[in-house]
Amino acid sequence: MASFPKNFLWGDAIAANQAEGAWQADGKGVDLADVISKGIMSGTPSSTIDPDTYYPSHEAIDFYHRYHDDLELMAGMGFKCFRTSISWSRIFPTGEETEPNEAGLAYYQDMFETMRKLGMEPVVTISHYETPLNLIDKYNGWDSKKLIPLYERYCKVIFERFGKLVHYWMTFNELNNVMTIPFAAGAIRVSGTPQHQLQQKYQAAHNMFVANAHANKLAKAIMPDAHMGIMVSMSGAVLYPATPNPADVFATMNLQRRSFFFADTQLNGEYPRYFERIKRENHLQLDITADELALIKQYPSEYLGFSYYRSSVYAAGVSTAGSTGGVLGEDNPYLEKSDWGWPIDPTGLRYLLNVLQDRYHKPLFIVENGLGDVDTVTADGHVHDQNRIKYLQDHVQAMNDAIEDGCDVMGYTWWGPIDIVSAGTGEMKKRYGFVYVDKDNEGRGTLKRIKKDSYDVYHEIIMTNGASV
Ligand code: BG6
């Protein structure tokens with residue numbers, strides 16, 4: 001007998017820039033994803049679009065023109081919710097206009113209405129690695145406080161327009177990844193000495209904390225019933241010390257804080273005490289005002305949305321284990337790995353949920369979890385994705401166990417229910433979907449959709465509220 005609550009939010013998650021394509025349609029501006037050709041792990045790109053280079057986000061899977069059919073496919077699995085992001089540059093093409101782009105608003109309005117008609121609650125990420133490029137070129141992104149009122153204006157417009165359709169929001173995708181992938185997560189080009197770069201990252205984080213508090217304040221005024229959450233990458237928090245050497249254990253705890261710090265501040269409404277030492281040791285000179293701290297205190301976030309894909313192992317002074325793809329740490333001989341080297345660790349999810357429950361006492365929402373794998377269409381026209389089925393079942397079981405442990409889990413949204421562009425590498429080959437999309441790494445293919453074997457398995461899990469696992 002499964003322990004999932006009756007109103008548990010089963011569903012999925014995607015991001016606009018990894019699925020929509022139509023990168024210049026209906027007045028959309030250029031955003032940071034549009035200048036990335038090989039994924040966000042490949043470094044900081046220039047702002048120029050090279051006509052001879054392939055940019056996967058420009059067409060992606062053409063969700064922009066196909067979302068009616070795609071959402072019907074998702075509804076066929078019985079989804080209770082659908083997480084996606086609003087592309088900021090569809091609403092404010094440069095981020096600085098005083099009036100929003102009506103075509104962009106109409107697009108999302110129809111999308112959210114369609115979801116509701118199909119029985120799916122929209123779950124919206126306000127900014128998912130897709131800040132308008134102009135804001136990077138002109139202000140160096142979140143390094144500058146100039147972005148705070150611009151983000152506020154964007155929030156006001158979408159809250160007023162979609163407040164009746166959307167009840168679950170998250171302000172920034174994986175805000176903590178500003179430490180590891182500052183261009184994607186902080187919209188900044190870091191420069192200068194390592195100390196200066198660190199300073200830029202912490203300043204950007206602070207500015208986003210302030211923007212998050214402003215969004216929470218606005219939400220209370222415009223849509224009092226809305227649930228305002230944050231989104232933190234927590235793969236880096238499931239970090240095991242390489243040895244029982246206390247030096248490894250302590251260093252591991254310190255590195256876990258690189259994920260927790262962002263939830264500590266935004267859920268508790270104040271900077272954690274250990275931040276004083278971080279500032280002191282790194283000679284950080286941050287522009288933080290008393291008014292901003294008061295705002296953060298007054299408007300903390302209500303729930304913790306997080307991604308979890310894998311765990312890692314850390315050896316003090318040796319590893320570079322971190323929270324996002326590509327930074328993997330030491331080998332863990334007890335775990336199998338995906339084709340991209342990510343250790344598969346369902347027990348890590350149960351462990352994480354318990355740690356987060358004990359630390360925050362707020363609802364937990366797993367808004368990304370999934371397996372990127374190589375899939376092939378066999379001669380019978382099917383895709384037999386056994387690895388994905390096992391990953392799904394094992395993680396649902398772990399979640400069930402965590403709920404029995406006492407964790408307050410409000411939902412689970414699988415990452416990439418239909419194959420989309422990989423954020424980390426820009427590949428199509430790294431597939432997460434229950435639905436296959438005929439497209440390859442070079443952009444060739446018919447874009448035809450095919451249900452994989454996992455499609456029916458997830459359907460059954462949802463229909464039985466987890467009992468089929
Ligand atoms: C998360 C991001 O870090 O991981 C997603 O929020 C991303 O945008 C997902 O797609 C999986 O990573 P990847 O690199 O396999 O696409």
# chains A, B, ... in the order shown; residues from 1 in each chain; ligands from 1
call {"tool": "residues_near_ligand", "arguments": {"ligand": "ligand 1", "cutoff": "7 Å", "atoms": "only C-alpha atoms and all ligand atoms", "output": "JSON list (two decimals) with C-alpha atoms, in the first residue's frame"}}
result
[["chain", "number", "residue", "atom", "x", "y", "z"],
["A", 15, "ALA", "CA", 11.81, 24.50, -19.55],
["A", 173, "ASN", "CA", 15.50, 27.58, -11.44],
["A", 174, "GLU", "CA", 18.42, 26.13, -9.46],
["A", 233, "SER", "CA", 19.53, 21.93, -7.29],
["A", 307, "SER", "CA", 15.97, 18.84, -8.50],
["A", 324, "THR", "CA", 25.25, 20.12, -11.43],
["A", 325, "GLY", "CA", 26.04, 17.88, -14.38],
["A", 372, "GLY", "CA", 19.10, 10.81, -19.39],
["A", 415, "TRP", "CA", 12.26, 15.86, -15.79],
["A", 421, "VAL", "CA", 17.37, 19.44, -25.57],
["A", 422, "SER", "CA", 19.84, 18.67, -22.78],
["A", 423, "ALA", "CA", 20.69, 21.80, -20.81],
["A", 424, "GLY", "CA", 24.14, 20.55, -19.86],
["A", 425, "THR", "CA", 25.40, 19.36, -23.22],
["A", 430, "LYS", "CA", 20.55, 12.44, -23.87]]
call {"tool": "closest_atom_pairs", "arguments": {"of": "region 341-360 of chain A", "to": "region 397-401 of chain A", "cutoff": "12 Å", "atoms": "only C-alpha atoms", "output": "tab-separated table"}}
result
residue	atom	partner	partner_atom	distance
A:Asp345	CA	A:Ala398	CA	9.6
A:Pro346	CA	A:Ala398	CA	5.8
A:Thr347	CA	A:Ala398	CA	6.1
A:Gly348	CA	A:Ala398	CA	8.4
A:Leu349	CA	A:Ala398	CA	6.5
A:Arg350	CA	A:Ala398	CA	5.2
A:Tyr351	CA	A:Ala398	CA	8.9
A:Leu352	CA	A:Met399	CA	10.0
A:Leu353	CA	A:Met399	CA	7.9
A:Asn354	CA	A:Asp401	CA	10.0
call {"tool": "residues_around", "arguments": {"residues": "Ile296 (chain A)", "least_positions_apart": "4", "cutoff": "8 Å", "atoms": "only C-alpha atoms", "output": "ChimeraX atom specification"}}
result
/A:209-210,213,266,269-270,292,300
call {"tool": "write_last_selection", "arguments": {"atoms": "N, CA and C atoms", "output": "PDB file, in the first residue's frame"}}
result
ATOM      1  N   PHE A 209      17.908  36.895  -4.269  1.00  0.00           N
ATOM      2  CA  PHE A 209      17.135  36.719  -3.021  1.00  0.00           C
ATOM      3  C   PHE A 209      16.174  37.900  -2.839  1.00  0.00           C
ATOM      4  N   VAL A 210      16.676  39.088  -3.142  1.00  0.00           N
ATOM      5  CA  VAL A 210      15.829  40.279  -3.000  1.00  0.00           C
ATOM      6  C   VAL A 210      14.674  40.206  -4.011  1.00  0.00           C
ATOM      7  N   ALA A 213      12.059  37.832  -2.855  1.00  0.00           N
ATOM      8  CA  ALA A 213      11.207  38.398  -1.799  1.00  0.00           C
ATOM      9  C   ALA A 213      10.195  39.385  -2.404  1.00  0.00           C
ATOM     10  N   GLN A 266      16.313  31.701   1.769  1.00  0.00           N
ATOM     11  CA  GLN A 266      14.998  32.051   1.215  1.00  0.00           C
ATOM     12  C   GLN A 266      13.827  31.412   1.965  1.00  0.00           C
ATOM     13  N   GLY A 269      14.242  33.146   5.683  1.00  0.00           N
ATOM     14  CA  GLY A 269      14.118  34.603   5.638  1.00  0.00           C
ATOM     15  C   GLY A 269      15.335  35.335   6.188  1.00  0.00           C
ATOM     16  N   GLU A 270      16.409  34.633   6.390  1.00  0.00           N
ATOM     17  CA  GLU A 270      17.630  35.336   6.818  1.00  0.00           C
ATOM     18  C   GLU A 270      18.865  34.523   6.438  1.00  0.00           C
ATOM     19  N   GLU A 292      16.807  45.651   2.384  1.00  0.00           N
ATOM     20  CA  GLU A 292      16.733  44.374   1.635  1.00  0.00           C
ATOM     21  C   GLU A 292      16.630  43.197   2.616  1.00  0.00           C
ATOM     22  N   PRO A 300       9.535  35.303   3.230  1.00  0.00           N
ATOM     23  CA  PRO A 300      10.214  34.045   2.907  1.00  0.00           C
ATOM     24  C   PRO A 300       9.352  33.198   1.967  1.00  0.00           C
TER      25      PRO A 300
END
call {"tool": "select_by_dssp", "arguments": {"residues": "region 10-124 of chain A", "states": "strand (DSSP E or B)", "output": "MDAnalysis selection string"}}
result
chainID A and resid 10:13 31 81:85 121:124
call {"tool": "write_last_selection", "arguments": {"atoms": "C-alpha atoms", "output": "compact mmCIF listing (two decimals), in the first residue's frame"}}
result
# COMPACT_ATOMS: atom_id res chain seq x y z
CA TRP A 10 2.21 13.77 -10.12
CA GLY A 11 3.47 15.31 -13.33
CA ASP A 12 6.48 16.43 -15.26
CA ALA A 13 8.83 19.33 -15.86
CA ASP A 31 17.83 35.16 -24.44
CA CYS A 81 0.34 18.96 -13.07
CA PHE A 82 2.71 20.22 -15.73
CA ARG A 83 5.78 22.28 -14.88
CA THR A 84 7.24 24.61 -17.46
CA SER A 85 8.86 28.04 -17.50
CA GLU A 121 -2.35 22.17 -12.76
CA PRO A 122 0.29 24.48 -14.30
CA VAL A 123 3.47 24.79 -12.21
CA VAL A 124 5.51 27.72 -13.44
call {"tool": "residues_around", "arguments": {"residues": "Val190 (chain A)", "least_positions_apart": "2", "cutoff": "12 Å", "atoms": "only C-alpha atoms", "output": "number ranges by chain"}}
result
A: 43-45, 136, 140-143, 178-188, 192-204
call {"tool": "select_by_dssp", "arguments": {"residues": "region 387-435 of chain A", "states": "alpha helix (DSSP H)", "output": "PyMOL selection string"}}
result
chain A and resi 387-405
call {"tool": "write_last_selection", "arguments": {"atoms": "N, CA and C atoms", "output": "PDB file, in the first residue's frame"}}
result
ATOM      1  N   ASN A 387      15.869   0.836 -18.662  1.00  0.00           N
ATOM      2  CA  ASN A 387      16.676   1.551 -17.650  1.00  0.00           C
ATOM      3  C   ASN A 387      15.854   2.658 -17.008  1.00  0.00           C
ATOM      4  N   ARG A 388      15.096   3.355 -17.860  1.00  0.00           N
ATOM      5  CA  ARG A 388      14.294   4.488 -17.369  1.00  0.00           C
ATOM      6  C   ARG A 388      13.169   3.986 -16.448  1.00  0.00           C
ATOM      7  N   ILE A 389      12.559   2.854 -16.851  1.00  0.00           N
ATOM      8  CA  ILE A 389      11.476   2.293 -16.031  1.00  0.00           C
ATOM      9  C   ILE A 389      12.003   1.943 -14.638  1.00  0.00           C
ATOM     10  N   LYS A 390      13.175   1.336 -14.620  1.00  0.00           N
ATOM     11  CA  LYS A 390      13.746   0.943 -13.315  1.00  0.00           C
ATOM     12  C   LYS A 390      14.077   2.184 -12.484  1.00  0.00           C
ATOM     13  N   TYR A 391      14.674   3.178 -13.133  1.00  0.00           N
ATOM     14  CA  TYR A 391      15.028   4.417 -12.418  1.00  0.00           C
ATOM     15  C   TYR A 391      13.762   5.039 -11.817  1.00  0.00           C
ATOM     16  N   LEU A 392      12.723   5.107 -12.621  1.00  0.00           N
ATOM     17  CA  LEU A 392      11.464   5.710 -12.169  1.00  0.00           C
ATOM     18  C   LEU A 392      10.892   4.943 -10.978  1.00  0.00           C
ATOM     19  N   GLN A 393      10.787   3.630 -11.141  1.00  0.00           N
ATOM     20  CA  GLN A 393      10.172   2.827 -10.071  1.00  0.00           C
ATOM     21  C   GLN A 393      10.972   2.922  -8.775  1.00  0.00           C
ATOM     22  N   ASP A 394      12.295   2.856  -8.907  1.00  0.00           N
ATOM     23  CA  ASP A 394      13.137   2.895  -7.699  1.00  0.00           C
ATOM     24  C   ASP A 394      13.029   4.244  -6.988  1.00  0.00           C
ATOM     25  N   HIS A 395      12.932   5.332  -7.763  1.00  0.00           N
ATOM     26  CA  HIS A 395      12.843   6.650  -7.124  1.00  0.00           C
ATOM     27  C   HIS A 395      11.451   6.893  -6.527  1.00  0.00           C
ATOM     28  N   VAL A 396      10.424   6.357  -7.186  1.00  0.00           N
ATOM     29  CA  VAL A 396       9.079   6.487  -6.608  1.00  0.00           C
ATOM     30  C   VAL A 396       9.012   5.693  -5.291  1.00  0.00           C
ATOM     31  N   GLN A 397       9.632   4.521  -5.293  1.00  0.00           N
ATOM     32  CA  GLN A 397       9.671   3.716  -4.063  1.00  0.00           C
ATOM     33  C   GLN A 397      10.398   4.478  -2.944  1.00  0.00           C
ATOM     34  N   ALA A 398      11.515   5.100  -3.305  1.00  0.00           N
ATOM     35  CA  ALA A 398      12.297   5.849  -2.303  1.00  0.00           C
ATOM     36  C   ALA A 398      11.477   7.014  -1.745  1.00  0.00           C
ATOM     37  N   MET A 399      10.718   7.640  -2.626  1.00  0.00           N
ATOM     38  CA  MET A 399       9.882   8.765  -2.212  1.00  0.00           C
ATOM     39  C   MET A 399       8.790   8.263  -1.257  1.00  0.00           C
ATOM     40  N   ASN A 400       8.214   7.134  -1.607  1.00  0.00           N
ATOM     41  CA  ASN A 400       7.197   6.520  -0.749  1.00  0.00           C
ATOM     42  C   ASN A 400       7.773   6.239   0.649  1.00  0.00           C
ATOM     43  N   ASP A 401       8.995   5.690   0.667  1.00  0.00           N
ATOM     44  CA  ASP A 401       9.634   5.380   1.955  1.00  0.00           C
ATOM     45  C   ASP A 401       9.861   6.655   2.757  1.00  0.00           C
ATOM     46  N   ALA A 402      10.251   7.728   2.061  1.00  0.00           N
ATOM     47  CA  ALA A 402      10.495   9.001   2.756  1.00  0.00           C
ATOM     48  C   ALA A 402       9.194   9.554   3.330  1.00  0.00           C
ATOM     49  N   ILE A 403       8.111   9.380   2.593  1.00  0.00           N
ATOM     50  CA  ILE A 403       6.819   9.847   3.120  1.00  0.00           C
ATOM     51  C   ILE A 403       6.474   9.038   4.374  1.00  0.00           C
ATOM     52  N   GLU A 404       6.741   7.742   4.332  1.00  0.00           N
ATOM     53  CA  GLU A 404       6.503   6.920   5.535  1.00  0.00           C
ATOM     54  C   GLU A 404       7.428   7.324   6.675  1.00  0.00           C
ATOM     55  N   ASP A 405       8.612   7.829   6.326  1.00  0.00           N
ATOM     56  CA  ASP A 405       9.528   8.347   7.366  1.00  0.00           C
ATOM     57  C   ASP A 405       8.967   9.616   8.014  1.00  0.00           C
TER      58      ASP A 405
END
call {"tool": "atom_distance", "arguments": {"atom1": "CA of Ala290 (chain A)", "atom2": "CA of Asn212 (chain A)"}}
result
16.3 Å
call {"tool": "decode", "arguments": {"residues": "region 201-283 of chain A", "atoms": "C-alpha atoms", "output": "PDB file, in the first residue's frame"}}
result
ATOM      1  CA  LYS A 201      28.418  35.235  -7.703  1.00  0.00           C
ATOM      2  CA  TYR A 202      27.427  36.060  -4.117  1.00  0.00           C
ATOM      3  CA  GLN A 203      26.261  39.513  -5.162  1.00  0.00           C
ATOM      4  CA  ALA A 204      24.132  37.955  -7.905  1.00  0.00           C
ATOM      5  CA  ALA A 205      22.721  35.476  -5.392  1.00  0.00           C
ATOM      6  CA  HIS A 206      21.841  38.283  -3.015  1.00  0.00           C
ATOM      7  CA  ASN A 207      20.166  40.287  -5.764  1.00  0.00           C
ATOM      8  CA  MET A 208      18.084  37.241  -6.694  1.00  0.00           C
ATOM      9  CA  PHE A 209      17.135  36.719  -3.021  1.00  0.00           C
ATOM     10  CA  VAL A 210      15.829  40.279  -3.000  1.00  0.00           C
ATOM     11  CA  ALA A 211      13.957  39.715  -6.276  1.00  0.00           C
ATOM     12  CA  ASN A 212      12.503  36.494  -4.837  1.00  0.00           C
ATOM     13  CA  ALA A 213      11.207  38.398  -1.799  1.00  0.00           C
ATOM     14  CA  HIS A 214       9.713  41.087  -4.055  1.00  0.00           C
ATOM     15  CA  ALA A 215       7.951  38.373  -6.058  1.00  0.00           C
ATOM     16  CA  ASN A 216       6.551  36.835  -2.865  1.00  0.00           C
ATOM     17  CA  LYS A 217       5.306  40.250  -1.759  1.00  0.00           C
ATOM     18  CA  LEU A 218       3.659  40.940  -5.118  1.00  0.00           C
ATOM     19  CA  ALA A 219       2.087  37.495  -5.168  1.00  0.00           C
ATOM     20  CA  LYS A 220       0.465  38.076  -1.776  1.00  0.00           C
ATOM     21  CA  ALA A 221      -1.108  41.270  -3.079  1.00  0.00           C
ATOM     22  CA  ILE A 222      -2.166  40.021  -6.533  1.00  0.00           C
ATOM     23  CA  MET A 223      -2.952  36.326  -6.012  1.00  0.00           C
ATOM     24  CA  PRO A 224      -3.254  35.581  -2.292  1.00  0.00           C
ATOM     25  CA  ASP A 225      -4.016  31.880  -2.851  1.00  0.00           C
ATOM     26  CA  ALA A 226      -0.877  31.216  -4.885  1.00  0.00           C
ATOM     27  CA  HIS A 227       1.917  28.999  -3.571  1.00  0.00           C
ATOM     28  CA  MET A 228       5.320  30.645  -3.945  1.00  0.00           C
ATOM     29  CA  GLY A 229       8.321  28.351  -3.942  1.00  0.00           C
ATOM     30  CA  ILE A 230      12.012  28.328  -4.673  1.00  0.00           C
ATOM     31  CA  MET A 231      13.927  25.845  -6.797  1.00  0.00           C
ATOM     32  CA  VAL A 232      17.348  24.584  -5.720  1.00  0.00           C
ATOM     33  CA  SER A 233      19.535  21.926  -7.294  1.00  0.00           C
ATOM     34  CA  MET A 234      19.967  19.379  -4.496  1.00  0.00           C
ATOM     35  CA  SER A 235      22.027  16.709  -6.266  1.00  0.00           C
ATOM     36  CA  GLY A 236      25.054  18.438  -4.751  1.00  0.00           C
ATOM     37  CA  ALA A 237      23.586  18.103  -1.261  1.00  0.00           C
ATOM     38  CA  VAL A 238      23.621  14.318  -1.493  1.00  0.00           C
ATOM     39  CA  LEU A 239      27.334  14.197  -0.995  1.00  0.00           C
ATOM     40  CA  TYR A 240      29.079  11.352   0.777  1.00  0.00           C
ATOM     41  CA  PRO A 241      32.534  11.714   2.355  1.00  0.00           C
ATOM     42  CA  ALA A 242      35.131   9.591   0.539  1.00  0.00           C
ATOM     43  CA  THR A 243      36.489   8.264   3.859  1.00  0.00           C
ATOM     44  CA  PRO A 244      35.615   8.407   7.575  1.00  0.00           C
ATOM     45  CA  ASN A 245      38.488  10.876   7.975  1.00  0.00           C
ATOM     46  CA  PRO A 246      36.912  13.775   9.911  1.00  0.00           C
ATOM     47  CA  ALA A 247      38.551  16.159   7.425  1.00  0.00           C
ATOM     48  CA  ASP A 248      36.536  14.576   4.609  1.00  0.00           C
ATOM     49  CA  VAL A 249      33.357  14.538   6.692  1.00  0.00           C
ATOM     50  CA  PHE A 250      33.642  18.199   7.640  1.00  0.00           C
ATOM     51  CA  ALA A 251      34.604  19.338   4.138  1.00  0.00           C
ATOM     52  CA  THR A 252      31.621  17.390   2.798  1.00  0.00           C
ATOM     53  CA  MET A 253      29.277  19.205   5.152  1.00  0.00           C
ATOM     54  CA  ASN A 254      30.746  22.516   4.054  1.00  0.00           C
ATOM     55  CA  LEU A 255      30.219  21.703   0.411  1.00  0.00           C
ATOM     56  CA  GLN A 256      26.633  20.569   1.060  1.00  0.00           C
ATOM     57  CA  ARG A 257      26.050  24.070   2.357  1.00  0.00           C
ATOM     58  CA  ARG A 258      26.717  25.356  -1.146  1.00  0.00           C
ATOM     59  CA  SER A 259      23.253  23.943  -1.919  1.00  0.00           C
ATOM     60  CA  PHE A 260      21.583  24.492   1.469  1.00  0.00           C
ATOM     61  CA  PHE A 261      22.699  28.133   1.741  1.00  0.00           C
ATOM     62  CA  PHE A 262      20.173  29.153  -0.913  1.00  0.00           C
ATOM     63  CA  ALA A 263      17.265  27.361   0.731  1.00  0.00           C
ATOM     64  CA  ASP A 264      18.381  28.431   4.225  1.00  0.00           C
ATOM     65  CA  THR A 265      18.188  32.096   3.246  1.00  0.00           C
ATOM     66  CA  GLN A 266      14.998  32.051   1.215  1.00  0.00           C
ATOM     67  CA  LEU A 267      12.963  29.670   3.388  1.00  0.00           C
ATOM     68  CA  ASN A 268      14.111  30.971   6.777  1.00  0.00           C
ATOM     69  CA  GLY A 269      14.118  34.603   5.638  1.00  0.00           C
ATOM     70  CA  GLU A 270      17.630  35.336   6.818  1.00  0.00           C
ATOM     71  CA  TYR A 271      21.222  34.543   5.980  1.00  0.00           C
ATOM     72  CA  PRO A 272      22.555  31.566   7.956  1.00  0.00           C
ATOM     73  CA  ARG A 273      25.196  32.283  10.600  1.00  0.00           C
ATOM     74  CA  TYR A 274      27.884  30.364   8.688  1.00  0.00           C
ATOM     75  CA  PHE A 275      27.672  33.015   5.951  1.00  0.00           C
ATOM     76  CA  GLU A 276      29.639  35.403   8.202  1.00  0.00           C
ATOM     77  CA  ARG A 277      32.644  33.143   8.000  1.00  0.00           C
ATOM     78  CA  ILE A 278      32.300  32.722   4.213  1.00  0.00           C
ATOM     79  CA  LYS A 279      32.295  36.508   3.814  1.00  0.00           C
ATOM     80  CA  ARG A 280      35.239  36.982   6.168  1.00  0.00           C
ATOM     81  CA  GLU A 281      37.440  34.289   4.681  1.00  0.00           C
ATOM     82  CA  ASN A 282      36.778  35.337   1.104  1.00  0.00           C
ATOM     83  CA  HIS A 283      36.997  39.084   1.746  1.00  0.00           C
TER      84      HIS A 283
END
